[in-house]
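What follows is the content of query_31.cif, which has mmCIF, C-alpha atoms and all ligand atoms:
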data_run
#
loop_
_atom_site.label_atom_id
_atom_site.label_comp_id
_atom_site.auth_asym_id
_atom_site.auth_seq_id
_atom_site.Cartn_x
_atom_site.Cartn_y
_atom_site.Cartn_z
CA MET A 18 186.02 15.69 39.05
CA SER A 19 183.29 13.90 37.12
CA THR A 20 180.06 13.03 38.83
CA THR A 21 177.21 10.74 37.84
CA PRO A 22 174.01 12.80 37.39
CA VAL A 23 171.25 11.84 39.78
CA PRO A 24 167.63 11.97 38.56
CA VAL A 25 165.50 14.17 40.83
CA VAL A 26 161.98 12.81 41.30
CA TRP A 27 159.42 15.28 42.57
CA SER A 28 155.68 15.94 42.60
CA PRO A 29 153.79 19.26 42.67
CA ALA A 30 151.34 17.67 45.13
CA THR A 31 154.04 17.63 47.81
CA ARG A 32 153.35 21.36 48.16
CA ASP A 33 149.74 20.66 49.24
CA HIS A 34 150.51 19.96 52.91
CA ASP A 35 149.99 23.16 54.89
CA PRO A 36 150.25 22.41 58.62
CA SER A 37 149.98 26.15 59.41
CA GLY A 38 152.52 25.73 62.20
CA GLU A 39 152.80 23.28 65.06
CA ILE A 40 152.07 23.11 68.78
CA TRP A 41 155.28 22.79 70.79
CA ILE A 42 155.08 22.40 74.58
CA GLY A 43 151.56 23.75 74.36
CA VAL A 44 152.44 26.86 72.37
CA PRO A 45 151.54 27.42 68.71
CA THR A 46 154.76 28.08 66.77
CA PRO A 47 155.34 28.73 63.06
CA GLY A 48 157.16 25.41 62.48
CA GLY A 49 159.53 25.04 59.55
CA GLU A 50 158.32 22.14 57.45
CA ASP A 51 156.92 24.37 54.69
CA ALA A 52 156.12 23.92 51.01
CA GLU A 53 158.88 26.44 50.24
CA ARG A 54 161.32 23.63 51.04
CA VAL A 55 160.30 21.88 47.83
CA ASP A 56 160.94 24.97 45.73
CA ALA A 57 164.25 25.69 47.44
CA ILE A 58 165.51 22.24 46.48
CA LEU A 59 164.10 22.45 42.94
CA ALA A 60 165.78 25.83 42.45
CA ALA A 61 169.13 24.42 43.54
CA THR A 62 168.93 21.61 41.00
CA ASP A 63 168.43 24.16 38.17
CA ASN A 64 171.48 24.44 35.94
CA THR A 65 172.84 21.14 37.19
CA ALA A 66 173.07 17.91 35.23
CA HIS A 67 170.39 16.37 37.42
CA GLN A 68 167.29 15.57 35.39
CA LEU A 69 163.88 16.46 36.87
CA ILE A 70 161.32 13.65 36.69
CA GLU A 71 157.73 13.89 37.88
CA ALA A 72 156.59 11.04 40.12
CA THR A 73 154.05 8.54 38.84
CA ALA A 74 151.21 7.06 40.90
CA HIS A 75 151.90 3.74 42.60
CA ALA A 76 149.62 1.22 44.30
CA ASP A 77 149.53 0.86 48.09
CA ASP A 78 151.38 -2.51 48.18
CA ALA A 79 154.74 -1.35 49.53
CA LEU A 80 152.99 1.17 51.78
CA LEU A 81 150.82 -1.56 53.36
CA ALA A 82 153.91 -3.70 53.87
CA VAL A 83 155.37 -1.14 56.29
CA HIS A 84 152.26 0.61 57.71
CA SER A 85 149.03 -0.69 59.24
CA PRO A 86 145.84 -0.34 57.18
CA GLY A 87 144.43 1.58 60.16
CA LEU A 88 147.09 4.30 59.91
CA LEU A 89 146.46 4.77 56.19
CA ALA A 90 142.67 4.90 56.67
CA HIS A 91 143.08 7.41 59.50
CA LEU A 92 145.35 9.76 57.55
CA ARG A 93 143.18 9.53 54.44
CA THR A 94 139.95 10.59 56.18
CA VAL A 95 140.74 12.30 59.48
CA HIS A 96 140.79 15.88 58.25
CA ASP A 97 137.36 15.54 56.59
CA GLU A 98 136.03 13.96 59.79
CA TRP A 99 137.52 16.80 61.83
CA LEU A 100 135.80 19.40 59.64
CA ALA A 101 132.52 17.47 59.96
CA GLY A 102 132.80 17.84 63.76
CA ASP A 103 132.37 21.17 65.53
CA TYR A 104 136.03 21.88 66.27
CA VAL A 105 136.20 24.93 63.99
CA GLU A 106 133.00 26.38 65.41
CA GLN A 107 133.78 25.63 69.06
CA VAL A 108 137.48 26.35 69.38
CA GLY A 109 138.56 27.71 66.00
CA GLN A 110 140.81 24.75 65.24
CA ASP A 111 140.69 23.63 61.60
CA ARG A 112 143.71 21.33 61.84
CA VAL A 113 143.77 17.89 63.43
CA VAL A 114 145.69 18.33 66.70
CA PRO A 115 145.64 15.51 69.27
CA TYR A 116 145.31 16.31 72.97
CA PHE A 117 145.11 12.78 74.36
CA PHE A 118 147.75 10.07 74.03
CA PRO A 119 146.94 6.50 75.12
CA THR A 120 150.51 5.65 76.09
CA ALA A 121 151.57 2.34 77.64
CA THR A 122 151.48 4.09 81.06
CA MET A 123 147.84 5.06 80.62
CA LEU A 124 146.70 1.66 79.35
CA ASP A 125 148.79 -0.20 81.94
CA GLY A 126 147.90 -3.52 80.34
CA LEU A 127 144.25 -2.83 79.52
CA PRO A 128 143.15 -3.58 75.96
CA MET A 129 142.69 -0.47 73.81
CA HIS A 130 139.52 0.21 71.85
CA THR A 131 139.29 2.65 69.00
CA ALA A 132 138.12 6.06 70.25
CA ALA A 133 134.71 7.12 68.98
CA ALA A 134 135.54 10.85 68.99
CA VAL A 135 137.91 12.15 66.31
CA HIS A 136 139.76 14.21 68.95
CA GLY A 137 140.22 11.02 70.98
CA ARG A 138 141.34 8.96 68.01
CA ALA A 139 143.87 11.54 66.80
CA GLY A 140 146.34 10.60 69.55
CA GLN A 141 145.95 6.87 68.88
CA PHE A 142 147.92 7.42 65.68
CA CYS A 143 149.85 10.67 66.25
CA TYR A 144 152.37 10.65 69.08
CA ASP A 145 153.11 14.38 69.43
CA THR A 146 151.37 17.75 69.09
CA MET A 147 153.71 19.07 66.40
CA THR A 148 152.47 16.93 63.57
CA VAL A 149 149.11 18.39 62.62
CA VAL A 150 146.93 17.30 59.72
CA GLY A 151 145.41 19.83 57.32
CA PRO A 152 143.41 19.65 54.10
CA GLY A 153 146.36 18.76 51.82
CA THR A 154 148.31 16.56 54.20
CA TRP A 155 147.19 13.21 52.82
CA SER A 156 147.70 14.13 49.16
CA ALA A 157 151.19 15.52 49.87
CA ALA A 158 152.27 12.58 52.03
CA ARG A 159 150.94 10.09 49.49
CA ALA A 160 152.69 11.99 46.66
CA ALA A 161 155.95 11.84 48.63
CA VAL A 162 155.60 8.06 48.74
CA ASP A 163 155.10 8.08 44.96
CA CYS A 164 158.33 10.11 44.63
CA ALA A 165 160.19 7.45 46.62
CA LEU A 166 158.65 4.59 44.63
CA THR A 167 159.36 6.28 41.29
CA ALA A 168 163.00 6.69 42.36
CA VAL A 169 163.05 2.98 43.26
CA ASP A 170 161.73 2.18 39.75
CA LEU A 171 164.54 4.18 38.17
CA VAL A 172 167.14 2.25 40.15
CA LEU A 173 165.49 -1.09 39.37
CA ASP A 174 165.58 -0.06 35.70
CA GLY A 175 169.33 0.42 35.89
CA ALA A 176 170.00 3.95 37.16
CA PRO A 177 172.85 3.75 39.68
CA LEU A 178 171.40 6.55 41.80
CA ALA A 179 168.08 8.35 42.14
CA TYR A 180 166.84 11.06 44.49
CA ALA A 181 163.27 11.46 45.73
CA LEU A 182 162.32 15.00 46.75
CA CYS A 183 159.92 13.80 49.42
CA ARG A 184 157.90 16.30 51.42
CA PRO A 185 156.67 15.91 54.08
CA PRO A 186 159.59 13.83 55.39
CA GLY A 187 158.99 10.34 56.77
CA HIS A 188 161.63 8.71 58.97
CA HIS A 189 159.81 9.29 62.28
CA VAL A 190 156.75 7.25 61.22
CA THR A 191 156.44 3.80 62.78
CA ARG A 192 154.20 0.98 61.57
CA GLN A 193 151.10 2.68 62.96
CA GLY A 194 152.20 5.94 64.53
CA TYR A 195 153.14 9.28 62.99
CA GLY A 196 154.95 12.26 64.46
CA GLY A 197 158.03 14.44 64.14
CA SER A 198 156.49 16.34 61.18
CA CYS A 199 156.25 13.02 59.29
CA TYR A 200 153.13 11.11 58.15
CA LEU A 201 154.23 8.20 55.92
CA ASN A 202 157.68 6.61 56.00
CA ASN A 203 159.04 7.22 52.50
CA ALA A 204 162.45 5.62 53.16
CA ALA A 205 160.94 2.48 54.70
CA VAL A 206 158.57 2.15 51.75
CA ALA A 207 161.52 2.49 49.35
CA ALA A 208 163.53 -0.16 51.21
CA GLN A 209 160.54 -2.49 51.26
CA ALA A 210 159.90 -1.98 47.54
CA LEU A 211 163.54 -2.84 46.77
CA ARG A 212 163.15 -6.05 48.77
CA ALA A 213 159.89 -6.88 47.03
CA ALA A 214 161.64 -6.44 43.68
CA GLY A 215 164.21 -9.08 44.60
CA ARG A 216 167.07 -7.18 46.22
CA GLU A 217 168.22 -9.61 48.91
CA ARG A 218 169.69 -7.25 51.49
CA VAL A 219 168.91 -3.58 51.73
CA ALA A 220 170.45 -0.99 54.03
CA VAL A 221 168.89 2.27 55.12
CA LEU A 222 171.52 4.80 56.18
CA ASP A 223 170.07 7.86 57.86
CA ILE A 224 172.15 11.05 57.95
CA ASP A 225 169.36 13.37 59.08
CA ALA A 226 170.26 15.23 62.28
CA HIS A 227 167.65 13.22 64.19
CA HIS A 228 167.34 9.51 64.81
CA GLY A 229 164.82 7.95 62.40
CA ASN A 230 162.89 6.13 65.08
CA GLY A 231 160.13 5.10 62.69
CA THR A 232 162.42 3.39 60.20
CA ALA A 233 164.40 1.83 63.05
CA ALA A 234 161.22 0.42 64.61
CA ILE A 235 159.81 -0.92 61.35
CA PHE A 236 162.95 -2.97 60.62
CA TYR A 237 164.12 -3.65 64.20
CA ASP A 238 163.37 -7.38 64.07
CA ARG A 239 164.39 -7.93 60.46
CA GLY A 240 167.71 -9.15 59.14
CA ASP A 241 166.99 -8.37 55.49
CA VAL A 242 166.86 -4.57 55.97
CA SER A 243 169.51 -2.99 58.16
CA TYR A 244 169.22 0.49 59.65
CA GLY A 245 172.16 2.73 60.53
CA SER A 246 171.91 6.30 61.73
CA VAL A 247 174.14 9.18 62.81
CA HIS A 248 172.25 11.82 64.77
CA VAL A 249 172.37 14.22 67.66
CA ASP A 250 172.38 12.25 70.90
CA PRO A 251 168.87 11.82 72.30
CA GLY A 252 170.61 11.30 75.64
CA ALA A 253 171.65 14.97 75.44
CA GLY A 254 168.00 16.02 75.32
CA TRP A 255 167.07 15.82 71.65
CA PHE A 256 164.12 14.41 69.73
CA PRO A 257 163.14 11.52 69.67
CA HIS A 258 164.34 11.55 73.31
CA VAL A 259 163.60 7.97 74.39
CA VAL A 260 165.06 6.01 71.46
CA GLY A 261 168.09 6.32 69.17
CA HIS A 262 170.72 5.25 71.71
CA ALA A 263 173.81 3.22 70.85
CA ASP A 264 172.64 0.16 72.75
CA GLU A 265 169.70 -0.39 70.38
CA THR A 266 171.06 -2.99 67.98
CA GLY A 267 168.04 -5.02 66.83
CA VAL A 268 166.20 -8.13 68.07
CA GLY A 269 165.49 -11.64 66.80
CA GLU A 270 166.44 -12.01 63.15
CA GLY A 271 167.33 -8.32 63.24
CA ALA A 272 169.92 -8.74 66.02
CA GLY A 273 172.95 -6.71 64.97
CA ALA A 274 171.17 -5.13 61.99
CA THR A 275 170.61 -1.76 63.69
CA ARG A 276 173.41 0.67 64.46
CA ASN A 277 172.99 4.07 66.08
CA VAL A 278 175.85 6.55 66.29
CA PRO A 279 174.73 9.42 68.53
CA LEU A 280 176.82 12.61 68.43
CA THR A 281 177.37 15.25 71.07
CA PRO A 282 175.65 18.60 70.32
CA GLY A 283 178.13 20.89 68.58
CA GLY A 284 179.60 18.05 66.53
CA SER A 285 180.87 19.12 63.11
CA ASP A 286 182.45 17.58 59.99
CA PRO A 287 185.24 15.49 61.61
CA GLU A 288 182.99 13.66 64.09
CA TRP A 289 180.04 13.47 61.74
CA LEU A 290 182.04 12.13 58.79
CA ALA A 291 183.80 9.60 61.03
CA ALA A 292 180.34 8.32 61.98
CA VAL A 293 179.22 8.24 58.33
CA ALA A 294 182.39 6.27 57.46
CA GLU A 295 181.70 3.86 60.32
CA LEU A 296 178.18 3.27 58.99
CA ARG A 297 179.54 2.91 55.47
CA ASP A 298 182.03 0.21 56.58
CA TRP A 299 179.37 -1.57 58.63
CA THR A 300 177.06 -1.61 55.60
CA HIS A 301 179.85 -2.80 53.31
CA GLU A 302 180.47 -5.79 55.60
CA ALA A 303 176.79 -6.71 55.36
CA ALA A 304 177.16 -7.09 51.56
CA VAL A 305 173.94 -5.25 50.75
CA ASP A 306 172.72 -5.06 47.16
CA ALA A 307 170.73 -1.83 47.50
CA LEU A 308 170.94 1.28 49.65
CA VAL A 309 168.39 3.85 50.78
CA VAL A 310 169.85 7.09 52.13
CA SER A 311 167.61 9.07 54.46
CA LEU A 312 168.99 12.39 53.32
CA GLY A 313 168.20 14.98 55.94
CA VAL A 314 170.29 18.13 55.73
CA ASP A 315 169.26 19.52 59.12
CA ALA A 316 172.65 18.54 60.59
CA ALA A 317 174.01 21.63 58.82
CA ALA A 318 175.33 24.49 60.91
CA ASP A 319 172.67 26.97 59.74
CA ASP A 320 169.74 24.69 60.43
CA PRO A 321 167.43 25.80 63.27
CA GLU A 322 166.37 22.25 64.18
CA SER A 323 169.63 20.74 65.42
CA PRO A 324 172.85 21.67 67.22
CA LEU A 325 175.15 19.86 64.77
CA LEU A 326 177.47 22.00 62.65
CA VAL A 327 178.04 20.13 59.40
CA THR A 328 179.20 22.14 56.35
CA PRO A 329 178.21 21.79 52.67
CA ASP A 330 181.62 20.17 52.07
CA GLY A 331 180.73 17.73 54.84
CA TYR A 332 177.53 16.78 52.99
CA ARG A 333 179.51 16.38 49.75
CA ASP A 334 181.99 14.09 51.53
CA ALA A 335 179.19 12.08 53.14
CA GLY A 336 177.67 11.54 49.70
CA ARG A 337 181.07 10.45 48.37
CA LEU A 338 181.50 7.96 51.22
CA LEU A 339 178.05 6.42 50.72
CA GLY A 340 178.27 6.46 46.92
CA GLY A 341 181.57 4.61 47.34
CA LEU A 342 179.62 1.54 48.42
CA GLY A 343 178.91 1.18 44.70
CA VAL A 344 175.42 -0.27 45.13
CA PRO A 345 172.21 1.06 43.53
CA THR A 346 171.06 3.87 45.79
CA VAL A 347 167.81 5.72 46.38
CA ALA A 348 168.27 8.96 48.34
CA VAL A 349 165.11 10.14 50.05
CA GLN A 350 164.66 13.67 51.36
CA GLU A 351 164.10 13.91 55.11
CA GLY A 352 164.63 17.10 57.16
CA GLY A 353 166.40 20.36 56.38
CA TYR A 354 164.73 23.63 57.27
CA HIS A 355 167.05 26.56 56.52
CA LEU A 356 165.57 27.74 53.23
CA PRO A 357 168.57 29.75 51.98
CA SER A 358 171.01 26.84 52.29
CA LEU A 359 168.76 23.77 52.06
CA GLY A 360 168.95 23.24 48.29
CA GLY A 361 172.71 23.70 48.11
CA LEU A 362 173.24 21.11 50.82
CA VAL A 363 171.09 18.56 48.98
CA VAL A 364 172.90 19.19 45.69
CA ALA A 365 176.29 18.90 47.43
CA CYS A 366 175.32 15.49 48.80
CA LEU A 367 173.99 14.32 45.42
CA GLU A 368 177.23 15.43 43.76
CA GLY A 369 179.20 13.48 46.33
CA LEU A 370 177.06 10.38 45.79
CA GLY A 371 177.74 10.64 42.05
CA VAL A 372 181.50 11.02 42.53
CA GLY A 373 181.66 8.15 45.02
CA PHE A 374 179.63 5.87 42.81
CA GLY A 375 181.82 6.72 39.81
CA HIS A 376 184.96 5.80 41.75
CA ALA A 377 183.41 2.55 42.95
CA ALA A 378 182.37 1.63 39.40
CA ARG A 379 185.97 2.06 38.17
CA ARG A 380 187.46 -0.12 40.91
ZN ZN A 401 165.67 15.86 61.33
#

What does this structure look like when you write it as structure tokens?
Amino acid sequence: MSTTPVPVVWSPATRDHDPSGEIWIGVPTPGGEDAERVDAILAATDNTAHQLIEATAHADDALLAVHSPGLLAHLRTVHDEWLAGDYVEQVGQDRVVPYFFPTATMLDGLPMHTAAAVHGRAGQFCYDTMTVVGPGTWSAARAAVDCALTAVDLVLDGAPLAYALCRPPGHHVTRQGYGGSCYLNNAAVAAQALRAAGRERVAVLDIDAHHGNGTAAIFYDRGDVSYGSVHVDPGAGWFPHVVGHADETGVGEGAGATRNVPLTPGGSDPEWLAAVAELRDWTHEAAVDALVVSLGVDAAADDPESPLLVTPDGYRDAGRLLGGLGVPTVAVQEGGYHLPSLGGLVVACLEGLGVGFGHAARR
């Protein structure tokens, strides 16, 4: 079966982010969003037809169209500010970890000012304790955005498909809040850049095991960028807990342009692929002229971060279904944390995308 090769855009700077673990329910844990993920995926693309391309630097335009200037300024400087404080000396903490979250329940209608203390401000932008900032976090997150934008360039220049090896991942980042091991929303930036380049309707389809609450929020009131996601049911107790339910379908001009398909824990290829096919059909009806795939492979059976049980063949079939839409497609890496199988799952999905696109092109 012939498959269209997919250029793989990467950047060595995506290895710079070293969170040194995360704090989960108050306990430091090793975490799993490591730089080794980049090398596992690169290794799997060796000896394939996929061409490696290094990302080029891009301006902040598309980034500022989906994120607040305040979020970007915070992420760019907060680690230096943290080191300039006495957090290392006093408590031995050299990573930016928030302890205080000004939620809607705390504010209760009062206007919010910007916190003077760095440890107070940290929770104004970060909404969990897992997503810590270290010395290389900004350069890696910004490089991941450049990977996504370079992949967009390839597609705008005529490549049918391109893959951005983004790390850290991005789909949990809202307009001004980061969390879920994500700092900048690579997929949202890619979708926005496609719109800015003249694509009229863009779809983001998210097959990561978790609901991409950030991408969903950014486009929730927009009709020009739709968001569809299959993920483990937050109603069964999974991150992001309070959003990602089936009754969230968009508002205003975005009414009907969001679709969530939550799956019961333990779901495997049949249920998962039925959901992917449903999202594919829904996207086809919307007559989009570009697609962004939030390609998380943490729905795989071996992955420690989700209870879904998708196989490598499942990922290949999902790629085939989405490639079958036959529209220019940018696939953006999201989650996937089982180092021995991670790269193979990504390559399986890229192969499927190539096969599906080839079939669509011959129709
Ligand atoms: Zn995930």

Next item on the list: Find the residues near ligand ZN 401 (chain A). Use a cut-off of 8 Å, count only C-alpha atoms and all ligand atoms, and write them as a list in words.
Entry: Asp225, Ala226, His227, His228, Gly313, Val314, Asp315, Ala316, Glu322, Ser323, Glu351, Gly352 and Gly353 of chain A

Notebook entry, point to check: In Å, how far is it from CA of Gln68 (chain A) to CA of Ala161 (chain A)?
Noted result: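 Distance between the two atoms: 17.8 Å.
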
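Residues in contact with region 280-283 of chain A at up to 7 Å, not including ones fewer than 5 positions away on its chain and judged by only C-alpha atoms, are His248, Val249, Asp250, Pro324, Leu325 and Leu326 of chain A.
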
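Here the question is which of A:Cys199, A:Val23, A:Ala204, A:Val108 gets nearest to Ala66 (chain A) using all atoms listed in the file, and that residue is A:Val23.
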
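Interatomic distance, CA of Val149 (chain A) against CA of Glu39 (chain A): 6.6 Å.
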
Check: Any idea what's packed within 8 Å of Ala57 (chain A), counting all atoms listed in the file, ignoring anything in its chain fewer than 2 positions away? Could you give it as a list in words?
Finding: Glu53, Arg54, Val55, Leu59, Ala60, Ala61, Leu356, Pro357, Leu359 and Gly360 of chain A

Give me the residues of region 114-222 of chain A that have any atom at most 12 Å from an atom of region 75-82 of chain A; for each, the nearest atom pair and the distance in Å, rounded to one decimal. Use only C-alpha atoms, sort by chain and number, and format it as a Markdown table.
| residue | atom | partner | partner_atom | distance |
| --- | --- | --- | --- | --- |
| A:Ala158 | CA | A:Leu80 | CA | 11.4 |
| A:Arg159 | CA | A:His75 | CA | 9.4 |
| A:Ala160 | CA | A:His75 | CA | 9.2 |
| A:Ala161 | CA | A:His75 | CA | 10.9 |
| A:Val162 | CA | A:Leu80 | CA | 8.0 |
| A:Asp163 | CA | A:His75 | CA | 5.9 |
| A:Cys164 | CA | A:His75 | CA | 9.3 |
| A:Ala165 | CA | A:His75 | CA | 9.9 |
| A:Leu166 | CA | A:His75 | CA | 7.1 |
| A:Thr167 | CA | A:His75 | CA | 8.0 |
| A:Ala168 | CA | A:His75 | CA | 11.5 |
| A:Val169 | CA | A:His75 | CA | 11.2 |
| A:Asp170 | CA | A:His75 | CA | 10.4 |
| A:Val190 | CA | A:Leu80 | CA | 11.8 |
| A:Thr191 | CA | A:Leu80 | CA | 11.8 |
| A:Arg192 | CA | A:Ala82 | CA | 9.0 |
| A:Gln193 | CA | A:Leu81 | CA | 10.5 |
| A:Tyr200 | CA | A:Leu80 | CA | 11.8 |
| A:Leu201 | CA | A:Leu80 | CA | 8.3 |
| A:Asn202 | CA | A:Leu80 | CA | 8.3 |
| A:Asn203 | CA | A:Leu80 | CA | 8.6 |
| A:Ala204 | CA | A:Leu80 | CA | 10.5 |
| A:Ala205 | CA | A:Leu80 | CA | 8.6 |
| A:Val206 | CA | A:Ala79 | CA | 5.6 |
| A:Ala207 | CA | A:Ala79 | CA | 7.8 |
| A:Ala208 | CA | A:Ala79 | CA | 9.0 |
| A:Gln209 | CA | A:Ala79 | CA | 6.2 |
| A:Ala210 | CA | A:Ala79 | CA | 5.6 |
| A:Leu211 | CA | A:Ala79 | CA | 9.3 |
| A:Arg212 | CA | A:Ala79 | CA | 9.7 |
| A:Ala213 | CA | A:Ala79 | CA | 8.0 |
| A:Ala214 | CA | A:Ala79 | CA | 10.4 |

Next item on the list: Mind giving me the straight-line distance from CA of Gln141 (chain A) to CA of Leu88 (chain A) in Å, one decimal?
Entry: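 If I compute the distance from CA of Gln141 (chain A) to CA of Leu88 (chain A), I get 9.4 Å.
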
Next item on the list: Tell me which protein, DNA and RNA residues are within 10 Å of Asp298 (chain A), counting all atoms listed in the file, leaving out same-chain ones fewer than 6 positions away, and put them as a ChimeraX atom specification.
Entry: /A:292,338-339,342

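Closest approach to Val172 (chain A) from the set A:Ser358, A:Ser28, A:Thr346, A:Thr154 is made by A:Thr346, with distances taken over all atoms listed in the file.
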
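The environment of Val310 (chain A) within 9 Å, counting only C-alpha atoms and disregarding residues fewer than 4 places along the same chain, consists of Ala204, Ala220, Val221, Leu222, Asp223, Ile224, Leu339, Thr346, Val347, Ala348, Val349 and Gln350 of chain A.
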
Write the residues of the selection above to a file with C-alpha atoms, as a PDB file, in the frame of the given file.
ATOM      1  CA  ALA A 204     162.450   5.620  53.160  1.00  0.00           C
ATOM      2  CA  ALA A 220     170.450  -0.990  54.030  1.00  0.00           C
ATOM      3  CA  VAL A 221     168.890   2.270  55.120  1.00  0.00           C
ATOM      4  CA  LEU A 222     171.520   4.800  56.180  1.00  0.00           C
ATOM      5  CA  ASP A 223     170.070   7.860  57.860  1.00  0.00           C
ATOM      6  CA  ILE A 224     172.150  11.050  57.950  1.00  0.00           C
ATOM      7  CA  LEU A 339     178.050   6.420  50.720  1.00  0.00           C
ATOM      8  CA  THR A 346     171.060   3.870  45.790  1.00  0.00           C
ATOM      9  CA  VAL A 347     167.810   5.720  46.380  1.00  0.00           C
ATOM     10  CA  ALA A 348     168.270   8.960  48.340  1.00  0.00           C
ATOM     11  CA  VAL A 349     165.110  10.140  50.050  1.00  0.00           C
ATOM     12  CA  GLN A 350     164.660  13.670  51.360  1.00  0.00           C
TER      13      GLN A 350
END

Check: For Ser156 (chain A), which residue among A:Ala74, A:Ala101, A:Val372, A:Val260 is the nearest when counting only C-alpha atoms?
Finding: A:Ala74

Check: Quick one: residues within 8 Å of Phe142 (chain A), all atoms listed in the file counted, chain neighbours fewer than 3 positions away excluded, as a ChimeraX atom specification?
Finding: /A:88,91,138-139,193-195

Next item on the list: Determine the nearest neighbour of Pro279 (chain A) from the options A:Trp255, A:Tyr144, A:Tyr244, A:Tyr237, counting all atoms listed in the file.
Entry: A:Trp255

Notebook entry, point to check: Using all atoms listed in the file, which of A:Leu127, A:Ala303, A:Ala121, A:Val363 sits nearest Glu217 (chain A)?
Noted result: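 The closest residue to Glu217 (chain A) is A:Ala303.
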
Check: Nearest to Trp99 (chain A): which of A:Trp299, A:Tyr116, A:Thr65, A:Ala134 is it, counting all atoms listed in the file?
Finding: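 For Trp99 (chain A), the nearest of the candidates is A:Ala134.
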